[in-house]
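Source file: protein_35.cif. Holds: mmCIF, C-alpha atoms (C1' of nucleotides).
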```
data_structure
loop_
_atom_site.label_atom_id
_atom_site.label_comp_id
_atom_site.auth_asym_id
_atom_site.auth_seq_id
_atom_site.Cartn_x
_atom_site.Cartn_y
_atom_site.Cartn_z
CA MET O 1 112.08 75.76 59.25
CA ALA O 2 110.70 72.26 58.80
CA ASP O 3 112.38 69.01 59.65
CA ILE O 4 113.82 70.33 62.86
CA LYS O 5 114.27 66.86 64.30
CA SER O 6 115.65 65.19 61.23
CA PRO O 7 118.95 63.40 61.71
CA ALA O 8 120.02 65.15 58.52
CA ASN O 9 119.94 68.42 60.45
CA PRO O 10 123.38 68.86 62.02
CA LEU O 11 122.03 71.38 64.52
CA PHE O 12 119.72 68.83 66.00
CA LEU O 13 122.46 66.27 66.22
CA ARG O 14 124.67 68.75 67.97
CA GLU O 15 121.93 69.63 70.45
CA ASP O 16 121.33 66.01 71.23
CA GLU O 17 125.03 65.28 71.47
CA LEU O 18 125.47 68.07 73.98
CA ARG O 19 122.52 66.94 76.06
CA GLN O 20 123.96 63.46 76.17
CA GLY O 21 127.20 64.97 77.40
CA ILE O 22 125.37 66.82 80.16
CA GLU O 23 123.59 63.68 81.23
CA MET O 24 126.59 61.42 81.09
CA LEU O 25 128.44 63.86 83.26
CA PHE O 26 125.61 63.82 85.77
CA PHE O 27 125.35 60.04 85.90
CA ALA O 28 129.10 59.52 85.99
CA TYR O 29 129.59 62.00 88.79
CA ARG O 30 126.66 60.56 90.70
CA ASP O 31 128.19 57.09 90.57
CA PHE O 32 131.72 58.38 91.03
CA THR O 33 130.88 59.82 94.44
CA ALA O 34 128.42 57.19 95.62
CA LYS O 35 130.83 54.61 97.02
CA ALA O 36 133.14 57.01 98.79
CA ASP O 37 130.11 58.65 100.37
CA GLN O 38 129.21 55.36 102.01
CA THR O 39 132.68 54.95 103.45
CA LEU O 40 132.69 58.54 104.66
CA ALA O 41 129.40 58.01 106.44
CA GLN O 42 131.03 55.31 108.56
CA PHE O 43 133.38 57.97 109.91
CA GLY O 44 130.63 60.54 110.33
CA PHE O 45 132.13 62.54 107.50
CA GLY O 46 130.69 63.94 104.30
CA ARG O 47 131.91 64.68 100.84
CA ALA O 48 133.46 67.93 101.97
CA HIS O 49 135.81 66.06 104.27
CA HIS O 50 136.86 63.86 101.41
CA ARG O 51 137.73 66.81 99.22
CA VAL O 52 139.85 68.35 101.95
CA ILE O 53 141.63 65.10 102.69
CA TYR O 54 142.16 64.43 99.04
CA PHE O 55 143.70 67.77 98.13
CA VAL O 56 145.81 68.02 101.26
CA GLY O 57 147.10 64.54 100.51
CA ARG O 58 147.96 65.64 97.01
CA ASN O 59 149.62 68.88 98.11
CA PRO O 60 151.29 68.32 101.46
CA GLY O 61 152.14 71.61 103.13
CA MET O 62 149.55 73.57 101.19
CA THR O 63 148.03 76.67 102.75
CA VAL O 64 144.41 77.26 103.67
CA SER O 65 144.19 79.90 100.96
CA GLU O 66 145.31 77.49 98.30
CA LEU O 67 142.76 74.98 99.47
CA LEU O 68 140.00 77.58 99.38
CA GLY O 69 141.09 78.52 95.89
CA ILE O 70 140.65 74.94 94.77
CA LEU O 71 137.39 74.19 96.48
CA HIS O 72 135.67 77.49 95.67
CA ILE O 73 133.90 77.66 99.00
CA THR O 74 134.07 80.22 101.78
CA LYS O 75 136.52 79.96 104.60
CA GLN O 76 133.63 79.63 107.04
CA SER O 77 132.43 76.56 105.20
CA LEU O 78 135.90 75.10 105.12
CA SER O 79 136.50 75.98 108.73
CA ARG O 80 134.00 73.54 110.19
CA VAL O 81 135.18 70.63 108.13
CA LEU O 82 138.87 71.39 108.51
CA SER O 83 138.80 71.85 112.24
CA GLN O 84 136.96 68.55 112.65
CA LEU O 85 139.69 66.84 110.67
CA VAL O 86 142.41 68.56 112.70
CA HIS O 87 140.81 67.82 116.05
CA GLN O 88 140.26 64.19 115.18
CA GLY O 89 143.84 63.80 114.09
CA PHE O 90 143.53 63.36 110.35
CA ILE O 91 145.30 66.59 109.44
CA THR O 92 148.12 68.58 111.04
CA GLN O 93 148.82 72.28 110.77
CA GLN O 94 152.18 73.92 111.13
CA PRO O 95 153.13 77.57 110.74
CA GLY O 96 154.83 78.52 107.49
CA SER O 97 158.56 79.12 107.72
CA THR O 98 158.69 82.29 105.62
CA ASP O 99 155.18 83.53 106.41
CA ARG O 100 154.22 82.55 109.91
CA ARG O 101 150.57 83.54 109.46
CA GLN O 102 150.09 80.48 107.31
CA ARG O 103 149.01 77.11 108.67
CA LEU O 104 150.51 74.59 106.33
CA LEU O 105 148.31 71.54 106.02
CA SER O 106 149.41 67.92 105.86
CA LEU O 107 147.86 64.53 106.44
CA THR O 108 148.77 62.52 109.50
CA ASP O 109 149.35 58.81 109.06
CA LYS O 110 145.76 58.30 110.10
CA GLY O 111 144.69 60.85 107.51
CA ALA O 112 146.77 59.23 104.80
CA GLU O 113 145.20 55.90 105.60
CA LEU O 114 141.71 57.27 105.26
CA GLU O 115 142.68 59.06 102.07
CA ARG O 116 143.90 55.82 100.61
CA LYS O 117 140.78 53.95 101.55
CA LEU O 118 138.52 56.62 100.07
CA THR O 119 140.41 57.27 96.90
CA GLU O 120 141.02 53.61 96.23
CA GLU O 121 137.38 53.10 95.39
CA GLN O 122 137.31 56.00 93.01
CA ARG O 123 140.58 55.01 91.44
CA ALA O 124 139.24 51.54 90.86
CA LEU O 125 136.14 52.94 89.18
CA ILE O 126 138.15 55.15 86.87
CA ALA O 127 140.70 52.44 86.21
CA ARG O 128 137.95 50.12 85.09
CA ALA O 129 136.50 52.79 82.80
CA TYR O 130 139.94 53.63 81.40
CA ARG O 131 140.74 50.00 80.74
CA SER O 132 137.54 49.27 78.94
CA ALA O 133 137.68 52.48 76.91
CA GLY O 134 141.30 52.25 75.81
CA ALA O 135 144.22 54.65 75.73
CA ASP O 136 142.97 56.79 72.86
CA ALA O 137 139.65 57.30 74.55
CA VAL O 138 141.40 58.33 77.76
CA GLU O 139 143.35 60.89 75.83
CA GLY O 140 140.09 62.31 74.47
CA PHE O 141 138.44 62.19 77.87
CA ARG O 142 141.23 64.30 79.30
CA LYS O 143 141.14 66.75 76.43
CA VAL O 144 137.43 67.40 76.78
CA LEU O 145 137.49 67.69 80.56
CA LEU O 146 140.43 70.07 80.34
CA GLY O 147 138.39 72.28 78.03
CA MET O 148 135.60 72.44 80.60
CA ILE O 149 137.87 73.60 83.40
CA GLU O 150 138.25 77.26 84.22
CA GLU O 151 141.35 78.60 82.53
CA GLY O 152 143.29 79.28 85.72
CA ASP O 153 143.07 75.69 86.89
CA ARG O 154 144.11 74.04 83.64
CA ARG O 155 147.78 74.43 84.36
CA ARG O 156 147.43 71.82 87.07
CA PHE O 157 147.07 69.22 84.37
CA ARG O 158 149.67 70.25 81.89
CA PRO O 159 153.05 68.50 81.86
CA SER O 160 155.52 69.84 84.41
CA LEU O 161 154.98 73.31 85.89
CA PRO O 162 153.21 71.61 88.81
CA ARG O 163 152.62 74.77 90.73
CA MET Y 1 161.43 47.06 93.86
CA ALA Y 2 163.58 50.10 93.13
CA ASP Y 3 162.76 52.92 90.80
CA ILE Y 4 159.21 53.18 91.94
CA LYS Y 5 158.74 56.62 90.46
CA SER Y 6 160.43 56.02 87.16
CA PRO Y 7 158.40 56.76 84.07
CA ALA Y 8 159.45 53.31 82.95
CA ASN Y 9 157.28 51.92 85.72
CA PRO Y 10 153.79 51.59 84.29
CA LEU Y 11 152.27 51.25 87.76
CA PHE Y 12 153.34 54.70 88.80
CA LEU Y 13 152.14 56.24 85.60
CA ARG Y 14 148.81 54.58 86.03
CA GLU Y 15 148.44 55.84 89.61
CA ASP Y 16 149.21 59.39 88.59
CA GLU Y 17 147.01 59.14 85.53
CA LEU Y 18 144.12 57.98 87.65
CA ARG Y 19 144.57 60.76 90.18
CA GLN Y 20 144.58 63.28 87.39
CA GLY Y 21 141.34 61.80 86.18
CA ILE Y 22 139.80 62.15 89.62
CA GLU Y 23 140.87 65.75 89.85
CA MET Y 24 139.84 66.74 86.37
CA LEU Y 25 136.44 65.31 87.07
CA PHE Y 26 136.20 67.36 90.24
CA PHE Y 27 137.26 70.61 88.59
CA ALA Y 28 135.15 70.08 85.50
CA TYR Y 29 132.04 69.30 87.51
CA ARG Y 30 132.67 72.24 89.80
CA ASP Y 31 132.82 74.61 86.84
CA PHE Y 32 130.06 72.81 84.98
CA THR Y 33 127.55 73.56 87.73
CA ALA Y 34 128.79 77.00 88.79
CA LYS Y 35 126.99 79.16 86.23
CA ALA Y 36 123.64 77.44 86.39
CA ASP Y 37 123.75 77.68 90.17
CA GLN Y 38 123.91 81.46 89.90
CA THR Y 39 120.89 81.57 87.62
CA LEU Y 40 118.98 79.21 89.90
CA ALA Y 41 119.69 81.42 92.89
CA GLN Y 42 117.85 84.27 91.16
CA PHE Y 43 114.72 82.12 91.24
CA GLY Y 44 115.30 80.99 94.80
CA PHE Y 45 116.04 77.52 93.50
CA GLY Y 46 118.94 75.15 94.00
CA ARG Y 47 120.67 72.47 92.02
CA ALA Y 48 118.02 69.95 92.91
CA HIS Y 49 115.39 72.02 91.12
CA HIS Y 50 117.58 72.09 88.06
CA ARG Y 51 117.94 68.34 87.99
CA VAL Y 52 114.18 67.87 88.24
CA ILE Y 53 113.47 70.44 85.54
CA TYR Y 54 116.14 69.00 83.33
CA PHE Y 55 115.03 65.40 83.44
CA VAL Y 56 111.34 66.17 83.23
CA GLY Y 57 112.11 68.31 80.19
CA ARG Y 58 113.98 65.41 78.67
CA ASN Y 59 111.30 62.83 79.48
CA PRO Y 60 107.91 64.52 79.30
CA GLY Y 61 105.24 62.42 80.96
CA MET Y 62 107.70 60.54 83.13
CA THR Y 63 106.55 59.16 86.48
CA VAL Y 64 107.78 60.16 89.90
CA SER Y 65 109.29 56.70 90.32
CA GLU Y 66 111.32 57.05 87.18
CA LEU Y 67 112.60 60.40 88.33
CA LEU Y 68 113.57 58.98 91.70
CA GLY Y 69 115.37 56.17 89.92
CA ILE Y 70 117.44 58.67 88.00
CA LEU Y 71 118.25 61.04 90.82
CA HIS Y 72 118.97 58.38 93.43
CA ILE Y 73 117.41 60.38 96.23
CA THR Y 74 114.48 59.57 98.49
CA LYS Y 75 110.95 60.57 97.64
CA GLN Y 76 110.88 62.79 100.71
CA SER Y 77 113.80 64.75 99.33
CA LEU Y 78 112.21 65.02 95.93
CA SER Y 79 108.85 65.93 97.41
CA ARG Y 80 109.78 69.40 98.60
CA VAL Y 81 111.52 70.40 95.43
CA LEU Y 82 108.89 68.93 93.16
CA SER Y 83 105.94 70.45 94.95
CA GLN Y 84 107.61 73.86 94.85
CA LEU Y 85 108.00 73.52 91.11
CA VAL Y 86 104.41 72.39 90.71
CA HIS Y 87 102.94 75.13 92.91
CA GLN Y 88 104.95 77.80 91.16
CA GLY Y 89 103.80 76.61 87.77
CA PHE Y 90 106.97 75.16 86.31
CA ILE Y 91 105.75 71.58 86.21
CA THR Y 92 102.34 69.97 85.70
CA GLN Y 93 101.14 66.62 86.93
CA GLN Y 94 98.43 64.53 85.31
CA PRO Y 95 97.19 61.08 86.20
CA GLY Y 96 98.43 58.25 84.04
CA SER Y 97 95.91 56.86 81.57
CA THR Y 98 96.60 53.18 82.17
CA ASP Y 99 97.68 53.49 85.79
CA ARG Y 100 95.84 56.28 87.53
CA ARG Y 101 98.04 56.18 90.62
CA GLN Y 102 100.81 57.76 88.60
CA ARG Y 103 101.27 61.52 88.32
CA LEU Y 104 102.91 62.03 84.99
CA LEU Y 105 105.26 64.99 85.02
CA SER Y 106 105.71 67.57 82.29
CA LEU Y 107 107.13 71.07 82.00
CA THR Y 108 104.79 73.98 81.54
CA ASP Y 109 105.80 76.67 79.05
CA LYS Y 110 107.24 78.58 81.96
CA GLY Y 111 109.16 75.50 83.02
CA ALA Y 112 110.47 74.90 79.51
CA GLU Y 113 111.68 78.47 79.36
CA LEU Y 114 113.61 78.11 82.60
CA GLU Y 115 114.98 74.78 81.46
CA ARG Y 116 116.27 76.40 78.29
CA LYS Y 117 117.87 79.25 80.15
CA LEU Y 118 119.63 76.93 82.61
CA THR Y 119 120.77 74.30 80.20
CA GLU Y 120 121.92 76.81 77.63
CA GLU Y 121 124.85 77.79 79.81
CA GLN Y 122 125.92 74.22 80.36
CA ARG Y 123 125.45 73.37 76.72
CA ALA Y 124 127.64 76.30 75.76
CA LEU Y 125 130.35 75.16 78.14
CA ILE Y 126 130.34 71.63 76.77
CA ALA Y 127 130.09 72.84 73.20
CA ARG Y 128 133.18 74.94 73.67
CA ALA Y 129 135.07 72.01 75.18
CA TYR Y 130 133.90 69.67 72.42
CA ARG Y 131 134.89 72.12 69.71
CA SER Y 132 138.36 72.68 71.05
CA ALA Y 133 138.97 68.99 71.72
CA GLY Y 134 137.75 67.65 68.41
CA ALA Y 135 135.45 64.83 67.35
CA ASP Y 136 137.79 61.98 68.20
CA ALA Y 137 138.32 63.32 71.69
CA VAL Y 138 134.56 63.60 72.18
CA GLU Y 139 134.20 59.99 71.18
CA GLY Y 140 136.75 59.04 73.83
CA PHE Y 141 135.16 61.28 76.42
CA ARG Y 142 131.85 59.53 75.93
CA LYS Y 143 133.43 56.09 76.04
CA VAL Y 144 135.15 56.72 79.35
CA LEU Y 145 132.15 58.36 80.99
CA LEU Y 146 129.95 55.52 79.86
CA GLY Y 147 132.30 53.09 81.56
CA MET Y 148 131.93 54.99 84.81
CA ILE Y 149 128.16 54.84 84.81
CA GLU Y 150 126.30 52.13 86.69
CA GLU Y 151 125.42 49.34 84.31
CA GLY Y 152 121.67 49.86 84.48
CA ASP Y 153 121.87 53.45 83.32
CA ARG Y 154 124.17 52.88 80.38
CA ARG Y 155 121.38 51.94 78.05
CA ARG Y 156 120.24 55.55 78.13
CA PHE Y 157 123.23 56.40 76.02
CA ARG Y 158 123.32 53.60 73.54
CA PRO Y 159 121.81 54.06 70.06
CA SER Y 160 118.05 53.49 69.90
CA LEU Y 161 116.31 51.57 72.69
CA PRO Y 162 115.54 54.93 74.33
CA ARG Y 163 113.56 53.50 77.19
"C1'" DA Z 1 153.01 103.41 111.46
"C1'" DT Z 2 149.36 102.11 108.76
"C1'" DT Z 3 147.36 98.96 105.78
"C1'" DT Z 4 146.79 94.65 103.85
"C1'" DT Z 5 146.77 89.74 104.18
"C1'" DA Z 6 146.13 84.91 106.21
"C1'" DT Z 7 143.57 82.75 109.23
"C1'" DG Z 8 140.07 81.78 112.63
"C1'" DT Z 9 135.58 82.21 114.90
"C1'" DC Z 10 130.72 83.27 116.27
"C1'" DA Z 11 125.96 83.48 114.98
"C1'" DG Z 12 122.33 82.66 112.02
"C1'" DC Z 13 120.18 81.19 107.61
"C1'" DC Z 14 119.00 78.07 103.79
"C1'" DA Z 15 119.09 74.02 100.69
"C1'" DT Z 16 119.33 69.35 100.36
"C1'" DA Z 17 119.84 65.14 101.82
"C1'" DT Z 18 118.54 61.34 105.31
"C1'" DT Z 19 115.28 57.85 108.19
"C1'" DG Z 20 110.97 56.24 109.93
"C1'" DA Z 21 106.13 56.04 110.18
"C1'" DC Z 22 101.82 56.58 108.20
"C1'" DT Z 23 97.98 57.59 104.56
"C1'" DT Z 24 95.45 57.19 100.23
"C1'" DA Z 25 94.29 55.49 95.91
"C1'" DT Z 26 94.76 52.02 92.68
"C1'" DT Z 27 96.33 47.97 90.57
"C1'" DT Z 28 97.53 43.08 90.73
"C1'" DG Z 29 97.33 38.42 92.04
"C1'" DT Z 30 95.12 34.53 94.27
"C1'" DA J 1 86.08 39.37 95.91
"C1'" DC J 2 89.68 40.17 98.82
"C1'" DA J 3 94.41 40.65 100.14
"C1'" DA J 4 98.75 42.29 98.93
"C1'" DA J 5 101.67 45.16 96.45
"C1'" DT J 6 102.56 49.55 94.30
"C1'" DA J 7 102.62 54.80 93.24
"C1'" DA J 8 102.52 58.68 95.41
"C1'" DG J 9 102.15 61.92 99.22
"C1'" DT J 10 102.97 63.62 103.92
"C1'" DC J 11 104.69 64.63 108.77
"C1'" DA J 12 108.47 64.96 111.85
"C1'" DA J 13 113.08 64.94 113.15
"C1'" DT J 14 118.01 65.20 111.96
"C1'" DA J 15 122.51 66.15 109.60
"C1'" DT J 16 125.59 68.17 106.15
"C1'" DG J 17 127.34 71.73 103.77
"C1'" DG J 18 126.84 75.69 101.67
"C1'" DC J 19 126.09 81.02 102.56
"C1'" DT J 20 126.49 86.11 104.75
"C1'" DG J 21 128.02 89.37 108.11
"C1'" DA J 22 130.79 90.78 111.74
"C1'" DC J 23 134.73 90.68 114.29
"C1'" DA J 24 139.60 89.26 116.12
"C1'" DT J 25 144.52 88.30 115.82
"C1'" DA J 26 148.95 88.08 114.08
"C1'" DA J 27 152.20 88.95 110.72
"C1'" DA J 28 153.72 90.90 106.46
"C1'" DA J 29 154.04 94.68 103.23
"C1'" DT J 30 154.11 99.47 102.09
#
```

Spit out the file's structure as structure tokens when you get a sec.
Amino acid sequence: MADIKSPANPLFLREDELRQGIEMLFFAYRDFTAKADQTLAQFGFGRAHHRVIYFVGRNPGMTVSELLGILHITKQSLSRVLSQLVHQGFITQQPGSTDRRQRLLSLTDKGAELERKLTEEQRALIARAYRSAGADAVEGFRKVLLGMIEEGDRRRFRPSLPR
Amino acid sequence: MADIKSPANPLFLREDELRQGIEMLFFAYRDFTAKADQTLAQFGFGRAHHRVIYFVGRNPGMTVSELLGILHITKQSLSRVLSQLVHQGFITQQPGSTDRRQRLLSLTDKGAELERKLTEEQRALIARAYRSAGADAVEGFRKVLLGMIEEGDRRRFRPSLPR
DNA sequence: ATTTTATGTCAGCCATATTGACTTATTTGT
DNA sequence: ACAAATAAGTCAATATGGCTGACATAAAAT
């Protein structure tokens, strides 16, 4: 029962290692979002707008349901943000061809431009981190993050089988 | 100029690799916070309370300024959350011995108990991811995250020199 | 024909962040 | 000793982004 903080005690090391992971994740995410948030503010948008723009840009023609499934928010929450983006001409909706209840979402040129501007900053941040950490580290980074993601969403990151 | 999507083109690979990084970070952070948020809701607290409890638990006797420096929010934002936690007996404040303007923050037993309960879930999630990814991957994970963190905060994660 | 699904909308609530202005106590520097 | 800077707190107003509940419409599925 003694020596609970000794470095010879693997349980303590593990505990500390995990806490460092928690904290690094917090700091990294904090800094990861900081720059884009500034840019968004210039447009009167928030982080929620960015997420919508980002995922619609990634999945042109996606449905509202799919988007909700990714964001894990309610449709009421999405609604406000999405309709702003539609009304201001960043996103277009068009009825699905097989299921006409759907409103398939895509970026307009204006939307794509904003997406680029926003994501560029984050890409640069990650690129810098990747470069300085090296390819092996990136491989490990991906492995760990993948393990933290809810099972159903992991397939998004495995080779092929995009959807 | 042709073949822009070929796997032989390192620029395309890089772009896609970076986007995957962005998305994995989003999904991992989303799932990382989801469980603790549920627990917090039972206490009528939000994520902000968790952050305060977490960092005060990690740095007993820390000042309000230090906490603000970590969270990157304004003191007005912190104020509400912090005073709730103090009034409800999760955190104690005591004047600094050398500088009596300071209110040094610590968890009460009640606060430490809540901290444990909240962090346990996140620790378990990370532990699972670490275990399944392996030690080398964890090393890489840490390296990349460290590279994403604002220079000034990196020292928190380097051996010794704790403060 | 009925039920289920995809989407949208209205209304209200709450948490968390912001800015700006001001106060108090205490320390620091000239 | 006095002025300036600092640590912390507070009041007021505002915005974003979540939530629930209730309800509506159109189209698909059974």

Report, in Å to a single decimal, how far apart CA of Leu104 in chain Y and C1' of DC2 in chain J are. 29.1 Å

Neighbours of chain Z in chain O at 12 Å, counting only C-alpha atoms (C1' of nucleotides), as JSON, numbers by chain: {"O": [41, 46, 63, 64, 65, 66, 68, 75, 76, 77, 78, 79, 80, 82, 83, 93, 95, 96, 99, 100, 101, 102, 103, 104]}

10 Å contacts from chain J to chain Y using all atoms listed in the file, as a list in words: DT6, DA7, DA8, DG9 and DT10 of chain J

Least-squares fit on all C-alpha atoms, paired in order: put chain Y onto chain O and return it as a tab-separated table (two decimals) with C-alpha atoms, keeping the file's coordinate frame.
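Final output, result27.tsv:
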```
chain	number	residue	atom	x	y	z
Y	1	MET	CA	113.07	75.48	58.13
Y	2	ALA	CA	111.55	72.03	57.72
Y	3	ASP	CA	113.06	68.77	58.78
Y	4	ILE	CA	114.23	70.09	62.08
Y	5	LYS	CA	114.73	66.64	63.54
Y	6	SER	CA	116.40	65.04	60.58
Y	7	PRO	CA	119.76	63.44	61.20
Y	8	ALA	CA	120.89	65.45	58.21
Y	9	ASN	CA	120.44	68.56	60.31
Y	10	PRO	CA	123.68	69.07	62.20
Y	11	LEU	CA	122.04	71.48	64.63
Y	12	PHE	CA	119.70	68.87	65.98
Y	13	LEU	CA	122.44	66.33	66.32
Y	14	ARG	CA	124.53	68.82	68.20
Y	15	GLU	CA	121.69	69.66	70.60
Y	16	ASP	CA	121.07	66.02	71.37
Y	17	GLU	CA	124.77	65.30	71.64
Y	18	LEU	CA	125.18	68.09	74.13
Y	19	ARG	CA	122.25	66.94	76.24
Y	20	GLN	CA	123.71	63.47	76.33
Y	21	GLY	CA	126.94	64.97	77.54
Y	22	ILE	CA	125.14	66.81	80.32
Y	23	GLU	CA	123.38	63.66	81.41
Y	24	MET	CA	126.38	61.40	81.23
Y	25	LEU	CA	128.24	63.84	83.38
Y	26	PHE	CA	125.43	63.80	85.92
Y	27	PHE	CA	125.20	60.01	86.05
Y	28	ALA	CA	128.94	59.48	86.10
Y	29	TYR	CA	129.47	61.97	88.90
Y	30	ARG	CA	126.57	60.51	90.85
Y	31	ASP	CA	128.11	57.05	90.69
Y	32	PHE	CA	131.64	58.35	91.11
Y	33	THR	CA	130.84	59.78	94.53
Y	34	ALA	CA	128.39	57.14	95.76
Y	35	LYS	CA	130.84	54.57	97.14
Y	36	ALA	CA	133.15	56.98	98.88
Y	37	ASP	CA	130.15	58.63	100.50
Y	38	GLN	CA	129.26	55.34	102.16
Y	39	THR	CA	132.76	54.93	103.55
Y	40	LEU	CA	132.78	58.53	104.77
Y	41	ALA	CA	129.50	58.00	106.58
Y	42	GLN	CA	131.16	55.29	108.69
Y	43	PHE	CA	133.52	57.95	110.01
Y	44	GLY	CA	130.77	60.50	110.49
Y	45	PHE	CA	132.23	62.51	107.65
Y	46	GLY	CA	130.75	63.93	104.47
Y	47	ARG	CA	131.94	64.68	100.99
Y	48	ALA	CA	133.50	67.92	102.11
Y	49	HIS	CA	135.88	66.04	104.39
Y	50	HIS	CA	136.89	63.86	101.49
Y	51	ARG	CA	137.72	66.82	99.31
Y	52	VAL	CA	139.88	68.35	102.03
Y	53	ILE	CA	141.68	65.09	102.73
Y	54	TYR	CA	142.15	64.45	99.06
Y	55	PHE	CA	143.68	67.77	98.14
Y	56	VAL	CA	145.82	68.04	101.24
Y	57	GLY	CA	147.11	64.55	100.46
Y	58	ARG	CA	147.93	65.68	96.96
Y	59	ASN	CA	149.58	68.94	98.03
Y	60	PRO	CA	151.28	68.37	101.37
Y	61	GLY	CA	152.16	71.65	103.04
Y	62	MET	CA	149.54	73.61	101.14
Y	63	THR	CA	148.04	76.73	102.72
Y	64	VAL	CA	144.44	77.27	103.71
Y	65	SER	CA	144.14	79.92	101.01
Y	66	GLU	CA	145.23	77.52	98.33
Y	67	LEU	CA	142.72	74.99	99.52
Y	68	LEU	CA	139.95	77.57	99.48
Y	69	GLY	CA	140.98	78.51	95.97
Y	70	ILE	CA	140.55	74.93	94.85
Y	71	LEU	CA	137.30	74.16	96.60
Y	72	HIS	CA	135.59	77.46	95.81
Y	73	ILE	CA	133.86	77.62	99.16
Y	74	THR	CA	134.09	80.21	101.92
Y	75	LYS	CA	136.57	79.92	104.74
Y	76	GLN	CA	133.69	79.63	107.19
Y	77	SER	CA	132.49	76.54	105.38
Y	78	LEU	CA	135.95	75.06	105.30
Y	79	SER	CA	136.57	75.96	108.93
Y	80	ARG	CA	134.20	73.44	110.46
Y	81	VAL	CA	135.32	70.56	108.32
Y	82	LEU	CA	138.99	71.36	108.62
Y	83	SER	CA	138.98	71.80	112.37
Y	84	GLN	CA	137.17	68.48	112.77
Y	85	LEU	CA	139.87	66.80	110.74
Y	86	VAL	CA	142.60	68.51	112.73
Y	87	HIS	CA	141.08	67.74	116.14
Y	88	GLN	CA	140.51	64.12	115.22
Y	89	GLY	CA	144.09	63.73	114.08
Y	90	PHE	CA	143.70	63.34	110.34
Y	91	ILE	CA	145.44	66.57	109.43
Y	92	THR	CA	148.28	68.57	111.00
Y	93	GLN	CA	148.94	72.27	110.74
Y	94	GLN	CA	152.33	73.92	111.07
Y	95	PRO	CA	153.30	77.55	110.66
Y	96	GLY	CA	154.95	78.47	107.40
Y	97	SER	CA	158.69	79.07	107.58
Y	98	THR	CA	158.79	82.22	105.46
Y	99	ASP	CA	155.32	83.47	106.31
Y	100	ARG	CA	154.35	82.53	109.83
Y	101	ARG	CA	150.72	83.55	109.40
Y	102	GLN	CA	150.20	80.49	107.25
Y	103	ARG	CA	149.15	77.13	108.67
Y	104	LEU	CA	150.57	74.61	106.29
Y	105	LEU	CA	148.38	71.55	106.01
Y	106	SER	CA	149.51	67.94	105.82
Y	107	LEU	CA	147.96	64.53	106.37
Y	108	THR	CA	148.93	62.54	109.41
Y	109	ASP	CA	149.52	58.81	108.96
Y	110	LYS	CA	145.95	58.29	110.04
Y	111	GLY	CA	144.82	60.83	107.48
Y	112	ALA	CA	146.87	59.23	104.72
Y	113	GLU	CA	145.32	55.88	105.53
Y	114	LEU	CA	141.81	57.27	105.24
Y	115	GLU	CA	142.74	59.07	102.06
Y	116	ARG	CA	143.96	55.81	100.57
Y	117	LYS	CA	140.85	53.95	101.56
Y	118	LEU	CA	138.54	56.61	100.09
Y	119	THR	CA	140.39	57.27	96.90
Y	120	GLU	CA	141.00	53.61	96.21
Y	121	GLU	CA	137.35	53.09	95.39
Y	122	GLN	CA	137.24	56.02	93.02
Y	123	ARG	CA	140.51	55.04	91.44
Y	124	ALA	CA	139.17	51.55	90.84
Y	125	LEU	CA	136.05	52.94	89.21
Y	126	ILE	CA	138.03	55.17	86.88
Y	127	ALA	CA	140.58	52.47	86.18
Y	128	ARG	CA	137.83	50.13	85.09
Y	129	ALA	CA	136.34	52.78	82.82
Y	130	TYR	CA	139.75	53.66	81.38
Y	131	ARG	CA	140.57	50.02	80.73
Y	132	SER	CA	137.35	49.29	78.94
Y	133	ALA	CA	137.45	52.50	76.90
Y	134	GLY	CA	141.05	52.29	75.78
Y	135	ALA	CA	143.96	54.71	75.66
Y	136	ASP	CA	142.68	56.84	72.82
Y	137	ALA	CA	139.35	57.33	74.54
Y	138	VAL	CA	141.14	58.36	77.74
Y	139	GLU	CA	143.06	60.94	75.78
Y	140	GLY	CA	139.78	62.35	74.48
Y	141	PHE	CA	138.17	62.22	77.89
Y	142	ARG	CA	140.96	64.32	79.32
Y	143	LYS	CA	140.85	66.78	76.44
Y	144	VAL	CA	137.14	67.44	76.84
Y	145	LEU	CA	137.24	67.72	80.62
Y	146	LEU	CA	140.16	70.09	80.39
Y	147	GLY	CA	138.11	72.30	78.10
Y	148	MET	CA	135.36	72.45	80.69
Y	149	ILE	CA	137.63	73.60	83.47
Y	150	GLU	CA	138.02	77.27	84.31
Y	151	GLU	CA	141.09	78.63	82.58
Y	152	GLY	CA	143.04	79.30	85.76
Y	153	ASP	CA	142.86	75.71	86.92
Y	154	ARG	CA	143.89	74.09	83.66
Y	155	ARG	CA	147.56	74.47	84.34
Y	156	ARG	CA	147.22	71.84	87.04
Y	157	PHE	CA	146.83	69.28	84.32
Y	158	ARG	CA	149.40	70.33	81.82
Y	159	PRO	CA	152.83	68.63	81.74
Y	160	SER	CA	155.33	70.04	84.24
Y	161	LEU	CA	154.74	73.48	85.76
Y	162	PRO	CA	153.07	71.74	88.71
Y	163	ARG	CA	152.44	74.88	90.69
```

Once the PyMOL selection byres ((chain Y) within 6 of (chain O)) is applied to the coordinates I shared, what remains selected? I want it as an MDAnalysis selection string. chainID Y and resid 18 28 123 129 133 137 140:141 143:145 147:149

Quick check, in Å to one decimal: how far apart do CA of Val81 in chain Y and CA of His49 in chain Y lie? 6.0 Å
